[in-house]
Amino acid sequence: MPSRSLLFTPLILALWLHTGNAQEKTVTGLVLPPDAAPYAEQVLRIPCSNAANAVTFDFSVSVYQPYCGSNFFNDPLVTFDKALNPQPGAAQSWSVADDGMTWTFILHQGLMWSDGTPVTAHDYVATFRLSADPDHAWDFAWDYTFVDKGGIKNWDEVIAGKLPVEALGVRAIDDRTLEIITKGVFPPLPKIMKYAYALQKKALAEHGPYYNNDPATAVSSGPFMLESFEHGFKVVFKANPHYKGYRPPRLARIEGIYMSPATYFIGYLNDEIDTIGFNDLSPADFATIQRDPQLLANYLRPGLIGTDYVFFDPHNPPFDNVDVRKAFAHAINREAIVKSIYGEIKAVPAHTMLMPGFPAADISGELTAYQRFDCGLAKEHLAKAGYPNSADFPPQVMWLRNENPGIAAVYQATAASISQCLGISIQVSNKDNKVFMDALHERPTKIALGSVAYAIDFADPINLLGIWVSSGRHSWRNQRFDEILDEASNLIGEPARRDSLFHAAERILVDDVGGAFIAHRWAGDLWRPKVRGASIREPGPNGTYGSHSGNDWQWGDMYIGKAQ
């Protein structure tokens with residue numbers, strides 16, 4: 001019989017190629033989307049700062065000194081959707097007892113560490129105890145303090161060394177059941193559990209808290225594992241084949257390329273990296289983005305994410321005088337700073353801590369007058385404080401927290417605005433991250449004048465206003481403010497009254513100038529067009545695109561598309 005040959009018509013060939021691509025699977029068995037590049041090409045390149053003073057990949061070890069690509073090795077109990085609503089993370093469900101203080105989190109069945117052992121509630125208990133251990137001196141320990149009644153039972157006593165870590169209000173009922181007891185009734189607690197990551201109890205005991213810094217001892221329950229790490233040169237994460245959590249990765253690898261933040265944008269244009277965060281883009285970079293339609297189409301802004309502000313030591317001269325603080329607040333030309341330094345693509349002027357669109361925010365503009373730019377009024381307050389001749393005002397140094405050039409420029413412009421208006425001397429000093437945070441947390445604070453930002457952790461006013469309570473991040477104190485926040489944070493079933501209380505508290509904050517507010521930042525990331533996924537390419541409830549706050553499930557959704 002004559003031999004038969006298979007004839008590939010264009011239609012048959014296209015169908016064959018489509019079917020072949022559809023069968024491409026990841027190491028966890030996921031089928032890649034039809035428009036995805038082959039699995040071998042599922043590599044995302046991210047920039048890493050060669051100037052950062054970093055010590056760990058793990059949130060529970062250090063929040064303010066993270067290595068590039070932190071938190072790929074563990075899953076939090078709770079995650080957020082694009083509307084910042086809490087969703088199951090490592091915990092499949094949670095509930096609170098009738099006392100309003102005893103919370104139970106049930107872990108998903110089958111969660112696994114990369115060494116083949118199960119993830120258990122005991123791992124979370126060991127992690128909480130590490131974070132509370134005063135010998136560890138976790139740099140984010142204040143987070144469970146400023147929420148007051150939402151704080152974990154005995155947290156303050158444990159971190160102060162007054163009680164052992166075993167007294168912490170966290171325990172494992174069984175391998176899948178974690179119990180957390182708070183100091184008081186605090187309905188938003190599940191939102192805070194977005195930051196409850198687990199370290200492996202066994203690895204902690206055998207190697208200490210930095211075990212994930214070495215590929216030989218690293219163990220992961222997250223979507224990626226540490227393949228190689230040359231600090232200052234390159235870090236490589238590979239997909240974890242043992243992963244059983246809520247964000248199984250489509251990407252095969254993530255490669256972190258170390259470079260100077262000042263060269264990130266050049267690196268992107270030269271096709272060396274695939275993304276840049278908004279904080280690492282300079283005004284000149286943004287100008288280029290806005291002139292280029294393709295760049296602009298791939299700069300995705302999910303929403304306002306945080307607030308830049310000036311803070312003071314209110315317990316010592318000259319900032320113990322509220323008129324001095326008011327003088328500084330009225331001397332900041334926010335509109336000019338946003339327009340000339342940030343650009344409207346990156347920020348809006350701020351006169352309050354809560355940004356537009358956030359629960360209980362001042363949508364009417366009623367609070368704007370308390371800190372509006374008015375140089376004449378600023379000078380009146382300075383004179384009222386005893387400095388009619390600005391030359392008598394002591395020179396000041398404004399501390400910054402290891403800011404990149406783009407953000408440092410905002411705070412330098414803020415210092416310049418105050419200096420020019422009031423005729424006083426302010427130098428700007430960009431400090432090491434740890435040096436800054438250690439000085440900030442001293443009581444009394446060691447920073448007389450500083451500028452910093454705070455980004456939202458969860459969608460509740462207590463998150464942003466709570467840093468100003470007496471037990472919070474700053475040294476400003478106001479008893480009435482504390483009382484109102486305490487009442488509002490525990491209120492259940494009266495949303496209008498709750499918002500009204502938060503609004504009243506924020507009025508006290510802006511009037512007494514706990515902080516002088518500069519700008520609300522738009523979050524945003526520049527992505528290469530080939531980086532796809534609903535987490536960044538489909539709009540959230542407010543119609544915006546991009547990587548939303550708390551959106552760590554994006555690392556399971558993102559993939560590299562075929563070249564177009």
# chains A, B, ... in the order shown; residues from 1 in each chain; ligands from 1
$ select_by_dssp --residues "range 80-204 of chain A" --states "strand (DSSP E or B)" --output "PyMOL selection string"
chain A and resi 80+86-88+91-96+102-107+112+118+152+170-174+177-182
$ write_last_selection --atoms "N, CA and C atoms" --output "compact mmCIF listing (two decimals), in the first residue's frame"
# COMPACT_ATOMS: atom_id res chain seq x y z
N PHE A 80 -6.42 39.05 51.26
CA PHE A 80 -7.44 40.03 50.88
C PHE A 80 -7.82 39.85 49.41
N PRO A 86 -11.31 40.33 53.83
CA PRO A 86 -10.53 39.14 54.21
C PRO A 86 -11.06 37.88 53.53
N GLN A 87 -10.13 37.07 53.05
CA GLN A 87 -10.44 35.82 52.38
C GLN A 87 -9.57 34.71 52.98
N PRO A 88 -9.99 33.46 52.86
CA PRO A 88 -9.16 32.37 53.39
C PRO A 88 -7.77 32.34 52.79
N ALA A 91 -5.72 29.61 56.50
CA ALA A 91 -6.92 29.23 57.26
C ALA A 91 -8.11 29.12 56.31
N GLN A 92 -8.83 28.01 56.39
CA GLN A 92 -10.01 27.84 55.55
C GLN A 92 -11.22 28.54 56.15
N SER A 93 -11.18 28.78 57.47
CA SER A 93 -12.30 29.45 58.13
C SER A 93 -11.85 29.99 59.48
N TRP A 94 -12.67 30.88 60.04
CA TRP A 94 -12.41 31.41 61.38
C TRP A 94 -13.73 31.79 62.02
N SER A 95 -13.71 31.85 63.33
CA SER A 95 -14.93 32.19 64.08
C SER A 95 -14.51 32.79 65.42
N VAL A 96 -15.45 33.47 66.05
CA VAL A 96 -15.17 34.06 67.36
C VAL A 96 -16.22 33.57 68.35
N THR A 102 -12.14 35.25 71.92
CA THR A 102 -11.51 33.97 71.64
C THR A 102 -11.80 33.58 70.19
N TRP A 103 -10.76 33.63 69.37
CA TRP A 103 -10.89 33.38 67.94
C TRP A 103 -10.31 32.00 67.61
N THR A 104 -10.96 31.30 66.70
CA THR A 104 -10.51 29.98 66.27
C THR A 104 -10.29 30.00 64.75
N PHE A 105 -9.09 29.64 64.32
CA PHE A 105 -8.73 29.56 62.91
C PHE A 105 -8.46 28.09 62.55
N ILE A 106 -9.15 27.60 61.53
CA ILE A 106 -9.00 26.22 61.09
C ILE A 106 -8.15 26.20 59.81
N LEU A 107 -7.02 25.52 59.86
CA LEU A 107 -6.14 25.45 58.70
C LEU A 107 -6.72 24.53 57.63
N MET A 112 1.48 21.67 53.26
CA MET A 112 2.72 20.91 53.33
C MET A 112 3.95 21.82 53.25
N PRO A 118 3.85 18.10 57.33
CA PRO A 118 2.65 18.94 57.28
C PRO A 118 2.83 20.28 58.00
N ILE A 152 -2.97 40.70 70.95
CA ILE A 152 -3.03 39.36 71.51
C ILE A 152 -2.85 39.42 73.02
N VAL A 170 -1.99 32.57 72.42
CA VAL A 170 -2.03 31.80 71.17
C VAL A 170 -1.71 30.35 71.50
N ARG A 171 -2.56 29.41 71.05
CA ARG A 171 -2.26 28.00 71.31
C ARG A 171 -2.85 27.14 70.20
N ALA A 172 -2.26 25.96 70.06
CA ALA A 172 -2.74 24.96 69.10
C ALA A 172 -3.69 24.01 69.81
N ILE A 173 -4.94 24.00 69.39
CA ILE A 173 -5.91 23.06 69.96
C ILE A 173 -5.61 21.65 69.44
N ASP A 174 -5.30 21.58 68.15
CA ASP A 174 -4.83 20.35 67.51
C ASP A 174 -4.01 20.79 66.31
N THR A 177 -6.05 23.40 64.26
CA THR A 177 -6.88 24.40 64.94
C THR A 177 -6.01 25.32 65.79
N LEU A 178 -6.05 26.60 65.44
CA LEU A 178 -5.28 27.62 66.14
C LEU A 178 -6.23 28.53 66.90
N GLU A 179 -5.95 28.75 68.17
CA GLU A 179 -6.77 29.65 68.98
C GLU A 179 -5.98 30.90 69.30
N ILE A 180 -6.60 32.05 69.09
CA ILE A 180 -5.99 33.34 69.41
C ILE A 180 -6.95 34.10 70.32
N ILE A 181 -6.45 34.52 71.47
CA ILE A 181 -7.26 35.29 72.42
C ILE A 181 -6.75 36.73 72.43
N THR A 182 -7.66 37.68 72.27
CA THR A 182 -7.29 39.08 72.28
C THR A 182 -7.51 39.69 73.66
$ select_by_dssp --residues "range 254-465 of chain A" --states "alpha helix (DSSP H)" --output "count of residues only"
75
$ residues_around --residues "range 535-545 of chain A" --least-positions-apart "5" --cutoff "7 Å" --atoms "only C-alpha atoms" --output "count of residues only"
8
$ atom_distance --atom1 "CA of Arg473 in chain A" --atom2 "CA of Leu367 in chain A"
22.8 Å
$ atom_distance --atom1 "CA of Pro293 in chain A" --atom2 "CA of Pro356 in chain A"
27.5 Å
$ closest_residue --among "A:Ile363, A:Ala331, A:Met353, A:Ile345" --to "Ser419 in chain A" --atoms "only C-alpha atoms"
A:Ala331
$ closest_atom_pairs --of "range 460-496 of chain A" --to "range 306-319 of chain A" --cutoff "10 Å" --atoms "only C-alpha atoms" --output "Markdown table"
| residue | atom | partner | partner_atom | distance |
| --- | --- | --- | --- | --- |
| A:Leu464 | CA | A:Gly306 | CA | 8.6 |
| A:His474 | CA | A:Phe311 | CA | 7.9 |
| A:Ser475 | CA | A:Asp313 | CA | 6.4 |
| A:Trp476 | CA | A:Pro314 | CA | 5.9 |
| A:Arg477 | CA | A:Pro314 | CA | 8.2 |
$ write_last_selection --atoms "N, CA and C atoms" --output "mmCIF file, in the first residue's frame"
data_model
loop_
_atom_site.group_PDB
_atom_site.id
_atom_site.type_symbol
_atom_site.label_atom_id
_atom_site.label_comp_id
_atom_site.auth_asym_id
_atom_site.auth_seq_id
_atom_site.Cartn_x
_atom_site.Cartn_y
_atom_site.Cartn_z
ATOM 1 N N LEU A 464 -4.997 52.946 60.205
ATOM 2 C CA LEU A 464 -4.227 54.167 59.974
ATOM 3 C C LEU A 464 -4.270 55.125 61.162
ATOM 4 N N HIS A 474 3.983 56.441 67.409
ATOM 5 C CA HIS A 474 4.538 57.771 67.633
ATOM 6 C C HIS A 474 4.381 58.223 69.077
ATOM 7 N N SER A 475 5.068 59.315 69.414
ATOM 8 C CA SER A 475 5.089 59.802 70.800
ATOM 9 C C SER A 475 4.007 60.826 71.094
ATOM 10 N N TRP A 476 3.244 61.220 70.078
ATOM 11 C CA TRP A 476 2.126 62.143 70.310
ATOM 12 C C TRP A 476 1.106 61.471 71.226
ATOM 13 N N ARG A 477 0.552 62.225 72.155
ATOM 14 C CA ARG A 477 -0.406 61.693 73.115
ATOM 15 C C ARG A 477 -1.625 62.605 73.200
#
$ closest_residue --among "A:Asn463, A:Ser340, A:Gln294, A:Asn333" --to "Ser282 in chain A" --atoms "only C-alpha atoms"
A:Ser340
$ closest_atom_pairs --of "range 14-110 of chain A" --to "range 393-414 of chain A" --cutoff "12 Å" --atoms "only C-alpha atoms" --output "JSON lines"
{"residue": "A:Ser49", "atom": "CA", "partner": "A:Asn404", "partner_atom": "CA", "distance": 9.7}
{"residue": "A:Asn50", "atom": "CA", "partner": "A:Asn404", "partner_atom": "CA", "distance": 11.6}
{"residue": "A:Ala51", "atom": "CA", "partner": "A:Asn402", "partner_atom": "CA", "distance": 9.2}
{"residue": "A:Ala52", "atom": "CA", "partner": "A:Asn402", "partner_atom": "CA", "distance": 8.1}
{"residue": "A:Asn53", "atom": "CA", "partner": "A:Asn402", "partner_atom": "CA", "distance": 9.0}
{"residue": "A:Ala54", "atom": "CA", "partner": "A:Asn402", "partner_atom": "CA", "distance": 11.6}
{"residue": "A:Tyr64", "atom": "CA", "partner": "A:Arg401", "partner_atom": "CA", "distance": 9.9}
{"residue": "A:Gln65", "atom": "CA", "partner": "A:Asn402", "partner_atom": "CA", "distance": 10.7}
$ atom_distance --atom1 "CA of Ile426 in chain A" --atom2 "CA of Glu442 in chain A"
22.5 Å
$ residues_around --residues "Asp323 in chain A" --least-positions-apart "5" --cutoff "8 Å" --atoms "only C-alpha atoms" --output "PyMOL selection string"
chain A and resi 381-382+384-385
$ residues_around --residues "Leu251 in chain A" --least-positions-apart "4" --cutoff "7 Å" --atoms "only C-alpha atoms" --output "PyMOL selection string"
chain A and resi 42-43+239+558-559
$ write_last_selection --atoms "N, CA and C atoms" --output "PDB file, in the first residue's frame"
ATOM      1  N   GLN A  42       8.380  30.616  31.821  1.00  0.00           N
ATOM      2  CA  GLN A  42       7.610  31.273  32.889  1.00  0.00           C
ATOM      3  C   GLN A  42       8.561  31.780  33.973  1.00  0.00           C
ATOM      4  N   VAL A  43       9.307  32.820  33.607  1.00  0.00           N
ATOM      5  CA  VAL A  43      10.318  33.404  34.485  1.00  0.00           C
ATOM      6  C   VAL A  43      10.042  34.898  34.618  1.00  0.00           C
ATOM      7  N   ALA A 239       9.457  27.396  41.693  1.00  0.00           N
ATOM      8  CA  ALA A 239       8.136  26.959  42.119  1.00  0.00           C
ATOM      9  C   ALA A 239       8.258  25.752  43.045  1.00  0.00           C
ATOM     10  N   MET A 558      -0.231  35.167  38.421  1.00  0.00           N
ATOM     11  CA  MET A 558       0.576  35.806  37.397  1.00  0.00           C
ATOM     12  C   MET A 558       1.267  34.783  36.496  1.00  0.00           C
ATOM     13  N   TYR A 559       1.403  35.127  35.214  1.00  0.00           N
ATOM     14  CA  TYR A 559       2.129  34.265  34.286  1.00  0.00           C
ATOM     15  C   TYR A 559       2.718  35.111  33.162  1.00  0.00           C
TER      16      TYR A 559
END
$ closest_atom_pairs --of "range 460-533 of chain A" --to "range 191-207 of chain A" --cutoff "12 Å" --atoms "only C-alpha atoms" --output "tab-separated table"
residue	atom	partner	partner_atom	distance
A:Asp460	CA	A:Lys191	CA	8.6
A:Pro461	CA	A:Lys191	CA	12.0
A:Ile462	CA	A:Ile192	CA	10.8
A:Asn463	CA	A:Ile192	CA	9.0
$ closest_residue --among "A:Trp142, A:Trp468, A:Phe502, A:Trp113" --to "Ala361 in chain A" --atoms "only C-alpha atoms"
A:Phe502
$ closest_residue --among "A:Asn74, A:Thr117, A:Asn433, A:Ser62" --to "Tyr246 in chain A" --atoms "only C-alpha atoms"
A:Asn74
$ closest_residue --among "A:Phe517, A:Trp527, A:Tyr299, A:Tyr144" --to "Ile337 in chain A" --atoms "only C-alpha atoms"
A:Phe517
$ decode --residues "range 113-156 of chain A" --atoms "N, CA and C atoms" --output "mmCIF file, in the first residue's frame"
data_model
loop_
_atom_site.group_PDB
_atom_site.id
_atom_site.type_symbol
_atom_site.label_atom_id
_atom_site.label_comp_id
_atom_site.auth_asym_id
_atom_site.auth_seq_id
_atom_site.Cartn_x
_atom_site.Cartn_y
_atom_site.Cartn_z
ATOM 1 N N TRP A 113 4.959 21.469 54.031
ATOM 2 C CA TRP A 113 6.274 22.100 53.901
ATOM 3 C C TRP A 113 7.031 21.412 52.765
ATOM 4 N N SER A 114 8.010 22.086 52.234
ATOM 5 C CA SER A 114 8.754 21.540 51.097
ATOM 6 C C SER A 114 9.611 20.342 51.477
ATOM 7 N N ASP A 115 9.794 20.074 52.774
ATOM 8 C CA ASP A 115 10.512 18.871 53.194
ATOM 9 C C ASP A 115 9.562 17.679 53.380
ATOM 10 N N GLY A 116 8.293 17.859 53.000
ATOM 11 C CA GLY A 116 7.334 16.770 53.050
ATOM 12 C C GLY A 116 6.569 16.630 54.349
ATOM 13 N N THR A 117 6.813 17.515 55.313
ATOM 14 C CA THR A 117 6.095 17.453 56.587
ATOM 15 C C THR A 117 4.900 18.396 56.562
ATOM 16 N N PRO A 118 3.854 18.098 57.327
ATOM 17 C CA PRO A 118 2.654 18.941 57.284
ATOM 18 C C PRO A 118 2.831 20.279 58.001
ATOM 19 N N VAL A 119 2.152 21.275 57.492
ATOM 20 C CA VAL A 119 2.042 22.564 58.188
ATOM 21 C C VAL A 119 0.993 22.401 59.279
ATOM 22 N N THR A 120 1.318 22.821 60.495
ATOM 23 C CA THR A 120 0.374 22.652 61.604
ATOM 24 C C THR A 120 0.182 23.961 62.363
ATOM 25 N N ALA A 121 -0.825 23.969 63.211
ATOM 26 C CA ALA A 121 -1.072 25.121 64.081
ATOM 27 C C ALA A 121 0.120 25.355 65.014
ATOM 28 N N HIS A 122 0.880 24.287 65.305
ATOM 29 C CA HIS A 122 2.046 24.425 66.173
ATOM 30 C C HIS A 122 3.115 25.303 65.519
ATOM 31 N N ASP A 123 3.189 25.301 64.185
ATOM 32 C CA ASP A 123 4.127 26.184 63.487
ATOM 33 C C ASP A 123 3.745 27.646 63.702
ATOM 34 N N TYR A 124 2.457 27.936 63.653
ATOM 35 C CA TYR A 124 2.001 29.314 63.869
ATOM 36 C C TYR A 124 2.241 29.747 65.311
ATOM 37 N N VAL A 125 2.018 28.850 66.260
ATOM 38 C CA VAL A 125 2.281 29.176 67.660
ATOM 39 C C VAL A 125 3.761 29.494 67.856
ATOM 40 N N ALA A 126 4.643 28.664 67.290
ATOM 41 C CA ALA A 126 6.083 28.898 67.421
ATOM 42 C C ALA A 126 6.480 30.235 66.806
ATOM 43 N N THR A 127 5.822 30.607 65.701
ATOM 44 C CA THR A 127 6.141 31.878 65.038
ATOM 45 C C THR A 127 5.687 33.062 65.873
ATOM 46 N N PHE A 128 4.476 33.012 66.391
ATOM 47 C CA PHE A 128 3.999 34.090 67.264
ATOM 48 C C PHE A 128 4.917 34.243 68.478
ATOM 49 N N ARG A 129 5.337 33.130 69.046
ATOM 50 C CA ARG A 129 6.214 33.199 70.226
ATOM 51 C C ARG A 129 7.571 33.792 69.882
ATOM 52 N N LEU A 130 8.095 33.461 68.713
ATOM 53 C CA LEU A 130 9.356 34.074 68.282
ATOM 54 C C LEU A 130 9.197 35.582 68.159
ATOM 55 N N SER A 131 8.121 36.018 67.507
ATOM 56 C CA SER A 131 7.915 37.450 67.282
ATOM 57 C C SER A 131 7.738 38.215 68.593
ATOM 58 N N ALA A 132 7.185 37.549 69.606
ATOM 59 C CA ALA A 132 6.963 38.212 70.896
ATOM 60 C C ALA A 132 8.156 38.095 71.833
ATOM 61 N N ASP A 133 9.098 37.265 71.516
ATOM 62 C CA ASP A 133 10.249 37.022 72.395
ATOM 63 C C ASP A 133 11.108 38.281 72.490
ATOM 64 N N PRO A 134 11.291 38.848 73.672
ATOM 65 C CA PRO A 134 12.095 40.075 73.785
ATOM 66 C C PRO A 134 13.547 39.872 73.345
ATOM 67 N N ASP A 135 14.044 38.648 73.415
ATOM 68 C CA ASP A 135 15.411 38.391 72.950
ATOM 69 C C ASP A 135 15.507 38.491 71.431
ATOM 70 N N HIS A 136 14.404 38.229 70.756
ATOM 71 C CA HIS A 136 14.381 38.371 69.296
ATOM 72 C C HIS A 136 14.224 39.838 68.892
ATOM 73 N N ALA A 137 13.516 40.616 69.706
ATOM 74 C CA ALA A 137 13.319 42.060 69.461
ATOM 75 C C ALA A 137 12.777 42.318 68.059
ATOM 76 N N TRP A 138 11.645 41.705 67.762
ATOM 77 C CA TRP A 138 11.001 41.893 66.457
ATOM 78 C C TRP A 138 10.699 43.364 66.222
ATOM 79 N N ASP A 139 11.031 43.855 65.043
ATOM 80 C CA ASP A 139 10.871 45.280 64.754
ATOM 81 C C ASP A 139 9.437 45.685 64.433
ATOM 82 N N PHE A 140 8.509 44.733 64.454
ATOM 83 C CA PHE A 140 7.101 45.048 64.212
ATOM 84 C C PHE A 140 6.239 44.682 65.414
ATOM 85 N N ALA A 141 6.891 44.493 66.568
ATOM 86 C CA ALA A 141 6.164 44.070 67.768
ATOM 87 C C ALA A 141 5.087 45.069 68.161
ATOM 88 N N TRP A 142 5.301 46.325 67.839
ATOM 89 C CA TRP A 142 4.339 47.363 68.198
ATOM 90 C C TRP A 142 2.984 47.164 67.501
ATOM 91 N N ASP A 143 2.960 46.369 66.411
ATOM 92 C CA ASP A 143 1.731 46.223 65.647
ATOM 93 C C ASP A 143 0.612 45.616 66.490
ATOM 94 N N TYR A 144 0.945 44.687 67.374
ATOM 95 C CA TYR A 144 -0.076 44.077 68.227
ATOM 96 C C TYR A 144 -0.300 44.881 69.502
ATOM 97 N N THR A 145 0.381 46.014 69.599
ATOM 98 C CA THR A 145 0.194 46.910 70.738
ATOM 99 C C THR A 145 -0.731 48.066 70.382
ATOM 100 N N PHE A 146 -0.507 48.653 69.191
ATOM 101 C CA PHE A 146 -1.268 49.859 68.864
ATOM 102 C C PHE A 146 -2.745 49.575 68.671
ATOM 103 N N VAL A 147 -3.109 48.315 68.326
ATOM 104 C CA VAL A 147 -4.532 48.008 68.167
ATOM 105 C C VAL A 147 -5.216 47.798 69.505
ATOM 106 N N ASP A 148 -4.444 47.919 70.596
ATOM 107 C CA ASP A 148 -4.976 47.900 71.952
ATOM 108 C C ASP A 148 -5.774 46.621 72.213
ATOM 109 N N LYS A 149 -7.094 46.724 72.304
ATOM 110 C CA LYS A 149 -7.893 45.546 72.647
ATOM 111 C C LYS A 149 -7.824 44.465 71.575
ATOM 112 N N GLY A 150 -7.400 44.852 70.366
ATOM 113 C CA GLY A 150 -7.219 43.863 69.314
ATOM 114 C C GLY A 150 -5.901 43.143 69.427
ATOM 115 N N GLY A 151 -5.061 43.591 70.358
ATOM 116 C CA GLY A 151 -3.787 42.936 70.551
ATOM 117 C C GLY A 151 -3.947 41.565 71.178
ATOM 118 N N ILE A 152 -2.972 40.702 70.952
ATOM 119 C CA ILE A 152 -3.027 39.357 71.506
ATOM 120 C C ILE A 152 -2.853 39.422 73.024
ATOM 121 N N LYS A 153 -3.610 38.609 73.715
ATOM 122 C CA LYS A 153 -3.563 38.579 75.176
ATOM 123 C C LYS A 153 -2.127 38.355 75.660
ATOM 124 N N ASN A 154 -1.710 39.200 76.590
ATOM 125 C CA ASN A 154 -0.387 39.158 77.234
ATOM 126 C C ASN A 154 0.758 39.549 76.302
ATOM 127 N N TRP A 155 0.443 40.060 75.125
ATOM 128 C CA TRP A 155 1.497 40.444 74.171
ATOM 129 C C TRP A 155 2.447 41.469 74.783
ATOM 130 N N ASP A 156 1.907 42.546 75.342
ATOM 131 C CA ASP A 156 2.751 43.609 75.880
ATOM 132 C C ASP A 156 3.632 43.104 77.014
#
